[in-house]
>>> print(open('protein-v1.txt').read())   # compact mmCIF, C-alpha atoms
# COMPACT_ATOMS: atom_id res chain seq x y z
CA MET A 1 55.68 71.85 63.38
CA PRO A 2 57.27 75.05 64.75
CA ASP A 3 55.17 78.21 64.61
CA ASP A 4 55.96 80.54 61.72
CA ASP A 5 57.27 83.98 62.62
CA GLN A 6 54.01 85.81 61.97
CA THR A 7 52.03 83.55 64.30
CA LEU A 8 54.74 83.58 66.95
CA ILE A 9 55.09 87.37 66.86
CA GLU A 10 51.37 87.87 67.43
CA ARG A 11 51.48 85.45 70.35
CA ALA A 12 54.58 87.12 71.77
CA LYS A 13 52.80 90.48 72.02
CA THR A 14 50.86 89.10 74.99
CA ASP A 15 52.80 85.94 75.91
CA PRO A 16 56.37 86.27 77.27
CA GLN A 17 56.99 82.57 76.65
CA ALA A 18 56.34 83.08 72.94
CA PHE A 19 58.90 85.89 72.89
CA GLY A 20 61.32 83.47 74.51
CA MET A 21 60.86 81.24 71.46
CA LEU A 22 61.68 84.19 69.18
CA TYR A 23 64.73 84.91 71.31
CA ASP A 24 65.94 81.32 70.95
CA ARG A 25 65.28 81.41 67.22
CA TYR A 26 67.23 84.61 66.50
CA TYR A 27 69.76 84.97 69.31
CA THR A 28 72.71 83.33 67.53
CA LEU A 29 72.06 85.25 64.29
CA ILE A 30 71.86 88.70 65.92
CA ALA A 31 74.56 88.06 68.54
CA GLY A 32 76.92 86.92 65.78
CA TYR A 33 76.28 90.07 63.76
CA ILE A 34 76.90 92.30 66.77
CA GLN A 35 80.08 90.42 67.67
CA ARG A 36 81.45 90.76 64.15
CA ARG A 37 80.75 94.50 64.23
CA LEU A 38 82.21 95.15 67.68
CA ALA A 39 84.90 92.45 67.99
CA ASP A 40 84.61 92.84 71.76
CA PRO A 41 82.88 89.91 73.53
CA VAL A 42 81.84 91.83 76.64
CA ALA A 43 80.46 94.82 74.73
CA ALA A 44 78.76 92.48 72.24
CA GLN A 45 77.04 90.62 75.05
CA ASP A 46 75.77 93.88 76.55
CA VAL A 47 74.55 95.27 73.23
CA THR A 48 72.84 91.96 72.37
CA ALA A 49 70.93 92.08 75.66
CA ILE A 50 69.82 95.66 74.92
CA VAL A 51 68.67 94.69 71.42
CA PHE A 52 66.42 91.87 72.64
CA PHE A 53 65.12 93.94 75.55
CA LYS A 54 64.10 96.69 73.11
CA ALA A 55 62.62 94.13 70.73
CA MET A 56 60.52 92.72 73.58
CA THR A 57 59.34 96.10 74.87
CA HIS A 58 58.61 97.49 71.39
CA LEU A 59 57.14 94.35 69.86
CA ARG A 60 53.64 95.82 69.78
CA ARG A 61 54.94 98.36 67.25
CA PHE A 62 55.96 95.62 64.86
CA HIS A 63 53.30 95.06 62.22
CA TRP A 64 53.62 92.21 59.78
CA ARG A 65 53.84 93.64 56.26
CA GLY A 66 55.95 90.96 54.61
CA VAL A 67 59.23 92.39 55.98
CA PRO A 68 61.17 89.65 57.79
CA PHE A 69 61.25 89.86 61.57
CA SER A 70 65.02 89.33 61.34
CA ALA A 71 65.33 92.58 59.33
CA TRP A 72 63.63 94.44 62.18
CA LEU A 73 66.07 92.90 64.67
CA TYR A 74 69.04 93.78 62.43
CA ARG A 75 67.84 97.38 62.31
CA ILE A 76 67.60 97.58 66.11
CA ALA A 77 71.05 95.98 66.36
CA SER A 78 72.57 98.43 63.87
CA ASN A 79 71.10 101.38 65.78
CA GLU A 80 72.48 100.09 69.08
CA ILE A 81 75.91 99.47 67.53
CA ASN A 82 75.99 103.04 66.24
CA THR A 83 74.93 104.28 69.67
CA TYR A 84 77.75 102.27 71.24
CA PHE A 85 80.32 103.80 68.89
CA ARG A 86 79.03 107.33 69.56
CA ARG A 87 79.05 106.77 73.32
CA THR A 88 82.49 105.19 73.56
CA LYS A 89 84.10 107.08 70.67
CA SER A 90 86.36 104.10 70.26
CA HIS A 91 87.07 101.43 67.69
CA PRO A 92 86.82 97.69 68.30
CA VAL A 93 89.94 95.74 69.16
CA SER A 94 91.73 93.76 66.47
CA LEU A 95 91.09 90.04 66.09
CA ASP A 96 94.57 89.29 67.42
CA GLU A 97 93.50 90.82 70.75
CA LEU A 98 90.31 88.76 70.99
CA ALA A 99 92.01 85.79 72.63
CA ASP A 100 92.76 87.94 75.67
CA LYS A 101 89.10 88.93 75.97
CA LEU A 102 87.46 85.49 76.04
CA HIS A 103 87.67 85.11 79.83
CA PHE A 104 84.12 86.00 80.69
CA GLU A 105 81.01 84.03 81.62
CA LEU A 106 78.08 83.74 79.25
CA PRO A 107 74.46 83.30 80.30
CA ALA A 108 73.44 79.66 80.56
CA GLY A 109 72.26 78.17 77.31
CA THR A 110 74.17 80.46 74.94
CA ASP A 111 76.93 79.38 72.59
CA LEU A 112 78.41 82.81 71.77
CA GLU A 113 81.79 81.91 73.28
CA ARG A 114 82.07 78.81 71.10
CA ASP A 115 81.01 80.89 68.09
CA LEU A 116 83.66 83.50 68.91
CA ILE A 117 86.39 80.88 69.18
CA VAL A 118 85.42 79.26 65.88
CA ARG A 119 85.33 82.60 64.08
CA GLN A 120 88.63 83.63 65.58
CA GLU A 121 90.30 80.42 64.45
CA GLU A 122 88.90 80.87 60.95
CA ALA A 123 90.05 84.49 60.78
CA GLN A 124 93.54 83.65 61.97
CA ARG A 125 93.97 81.32 59.00
CA TYR A 126 93.51 84.19 56.62
CA GLN A 127 95.77 87.21 57.07
CA ASP A 128 93.87 89.20 54.46
CA PHE A 129 90.65 88.73 56.40
CA ARG A 130 92.21 90.09 59.56
CA LEU A 131 93.65 93.08 57.76
CA VAL A 132 90.44 93.85 55.87
CA ARG A 133 88.43 93.69 59.05
CA GLU A 134 90.79 96.05 60.85
CA LEU A 135 90.67 98.44 57.91
CA LEU A 136 86.87 98.19 57.85
CA PHE A 137 86.72 99.40 61.45
CA ASP A 138 88.58 102.54 60.40
CA LEU A 139 85.85 103.48 57.90
CA PRO A 140 82.97 105.81 58.87
CA PRO A 141 80.12 103.87 60.56
CA LYS A 142 77.79 104.23 57.56
CA TYR A 143 80.23 102.19 55.44
CA GLN A 144 80.97 99.71 58.23
CA GLU A 145 77.29 98.90 58.60
CA ILE A 146 76.61 98.40 54.90
CA LEU A 147 79.75 96.37 54.16
CA ALA A 148 79.33 94.21 57.26
CA LEU A 149 75.77 93.34 56.27
CA ARG A 150 76.79 92.69 52.65
CA TYR A 151 79.90 90.60 53.14
CA PHE A 152 79.86 89.23 56.68
CA GLU A 153 76.11 88.63 56.93
CA LYS A 154 75.72 87.77 53.21
CA LYS A 155 72.67 90.01 52.84
CA THR A 156 71.42 91.05 49.42
CA LEU A 157 71.32 94.73 48.52
CA ALA A 158 67.52 94.59 48.76
CA ASP A 159 67.76 93.05 52.25
CA ILE A 160 70.15 95.80 53.35
CA ALA A 161 67.78 98.47 52.07
CA ILE A 162 65.03 96.97 54.25
CA ILE A 163 67.25 96.62 57.32
CA THR A 164 68.71 100.12 57.13
CA GLY A 165 65.65 101.91 55.78
CA LYS A 166 67.73 103.34 52.94
CA LYS A 167 66.85 103.45 49.26
CA LEU A 168 68.31 100.68 47.11
CA GLY A 169 70.31 103.20 45.06
CA THR A 170 71.78 104.66 48.25
CA VAL A 171 72.81 101.19 49.43
CA LYS A 172 74.51 100.46 46.11
CA SER A 173 76.34 103.77 46.29
CA LEU A 174 77.51 103.15 49.87
CA VAL A 175 78.75 99.68 48.96
CA SER A 176 80.66 101.03 45.98
CA ARG A 177 82.20 103.98 47.84
CA GLY A 178 82.93 101.87 50.90
CA LEU A 179 84.73 99.25 48.82
CA GLU A 180 86.74 101.97 47.10
CA ARG A 181 87.86 103.39 50.45
CA LEU A 182 88.64 99.91 51.69
CA ARG A 183 90.67 99.09 48.58
CA HIS A 184 92.73 102.28 48.88
CA ALA A 185 93.43 101.56 52.55
CA TYR A 186 94.40 97.99 51.69
CA LEU A 187 96.80 99.11 48.96
CA ALA A 188 98.33 101.63 51.33
CA GLU A 189 99.22 98.70 53.59
CA HIS A 190 100.72 96.82 50.64
CA HIS A 191 102.84 99.27 48.68
CA GLU A 192 104.23 96.45 46.59
CA ALA A 193 100.78 95.35 45.43
CA GLN A 194 99.73 95.86 41.82
CA PRO A 195 97.45 98.86 41.13
CA SER A 196 94.60 96.52 40.25
CA ALA A 197 94.98 94.44 43.40
CA ALA A 198 92.08 94.28 45.81
CA PRO A 199 91.40 92.36 49.02
CA THR A 200 90.61 88.75 48.17
CA VAL A 201 88.10 88.50 51.00
CA ILE A 202 85.77 91.22 49.71
CA LYS A 203 84.85 91.28 46.05
CA VAL A 204 83.84 94.38 44.14
CA GLU A 205 80.14 94.51 43.29
CA GLU A 206 79.31 93.52 39.77
>>> encode(input="protein-v1.txt", output="structure tokens")
Amino acid sequence: MPDDDQTLIERAKTDPQAFGMLYDRYYTLIAGYIQRRLADPVAAQDVTAIVFFKAMTHLRRFHWRGVPFSAWLYRIASNEINTYFRRTKSHPVSLDELADKLHFELPAGTDLERDLIVRQEEAQRYQDFRLVRELLFDLPPKYQEILALRYFEKKTLADIAIITGKKLGTVKSLVSRGLERLRHAYLAEHHEAQPSAAPTVIKVEE
């Protein structure tokens, strides 16, 4: 039976092979999140490598208190994504441009390229999804992070509070205000839409 996270984390603090098992367990999850935030395969690969390097070097600081290890990795990933945006002062490319950026080699044993292709094909079938994602990238980073975790990663509000270190009320407020900004931007792209119309891909919080 595979080791549970708590046991594996304690082993990994002194055993590099155990950290390799954590890497294998969470690579696809974290790499997928980073790719969806950046929409740039090369940058996503670089940021993913930084995230796991920092996780490995700072693992001794992680203390098991019932918070999922994945939440800790998401937090590191979110910080590195924000750092990337501040450093480059640029926005990710649109999904339509992704096809031109898939000509790069991945490390052996990873399936990020296949994941990118599948996600691109899915996104291309839904015009609203493409538009909403492009509009999302135009929002301030604090809204991008919260909405991406909520709707692309399917995290609960409580999970997001843990990942971001924000209070639950703050998370709810950011989701609400972020959706409102997103809806206004969406309607601006569709002048003929009804006033009550909203993107079908992202639902308003109940």
>>> atom_distance(input="protein-v1.txt", atom1="CA of Arg37 in chain A", atom2="CA of Asn82 in chain A")
10.0 Å
>>> atom_distance(input="protein-v1.txt", atom1="CA of Tyr84 in chain A", atom2="CA of Leu187 in chain A")
29.5 Å
>>> closest_residue(input="protein-v1.txt", among="A:Ala55, A:Leu179, A:Leu168, A:Ala188", to="Phe19 in chain A", atoms="all atoms listed in the file")
A:Ala55
>>> residues_around(input="protein-v1.txt", residues="Ile163 in chain A", least_positions_apart="6", cutoff="7 Å", atoms="all atoms listed in the file", output="list in words")
Ala71, Trp72, Tyr74 and Arg75 of chain A
>>> atom_distance(input="protein-v1.txt", atom1="CA of Glu153 in chain A", atom2="CA of Ser70 in chain A")
12.0 Å
>>> residues_around(input="protein-v1.txt", residues="Ile76 in chain A", least_positions_apart="4", cutoff="12 Å", atoms="only C-alpha atoms", output="list in words")
Ile30, Tyr33, Ile34, Val47, Thr48, Ala49, Ile50, Val51, Phe52, Phe53, Lys54, Ala55, Met56, His58, Leu59, Phe62, Phe69, Ser70, Ala71, Trp72, Glu80, Ile81, Asn82, Thr83, Ile163, Thr164 and Gly165 of chain A
>>> closest_residue(input="protein-v1.txt", among="A:Arg36, A:Arg177, A:Lys155, A:Arg60", to="Lys13 in chain A", atoms="all atoms listed in the file")
A:Arg60
>>> closest_residue(input="protein-v1.txt", among="A:Phe137, A:Tyr143, A:Tyr23, A:Phe152", to="Leu73 in chain A", atoms="all atoms listed in the file")
A:Tyr23
>>> closest_residue(input="protein-v1.txt", among="A:Ala148, A:Leu139, A:Val171, A:Ile160", to="Gly32 in chain A", atoms="only C-alpha atoms")
A:Ala148
>>> closest_residue(input="protein-v1.txt", among="A:Val175, A:His184, A:Ile9, A:Pro141", to="Arg61 in chain A", atoms="all atoms listed in the file")
A:Ile9
>>> axis_aligned_box(input="protein-v1.txt", around="range 6-23 of chain A", padding_each_side="8 Å", output="AutoDock Vina command-line options")
--center_x 57.8 --center_y 85.9 --center_z 69.6 --size_x 29.9 --size_y 25.2 --size_z 31.3
>>> closest_residue(input="protein-v1.txt", among="A:Thr57, A:Gln45, A:Ser173, A:Asn79", to="Glu145 in chain A", atoms="all atoms listed in the file")
A:Asn79
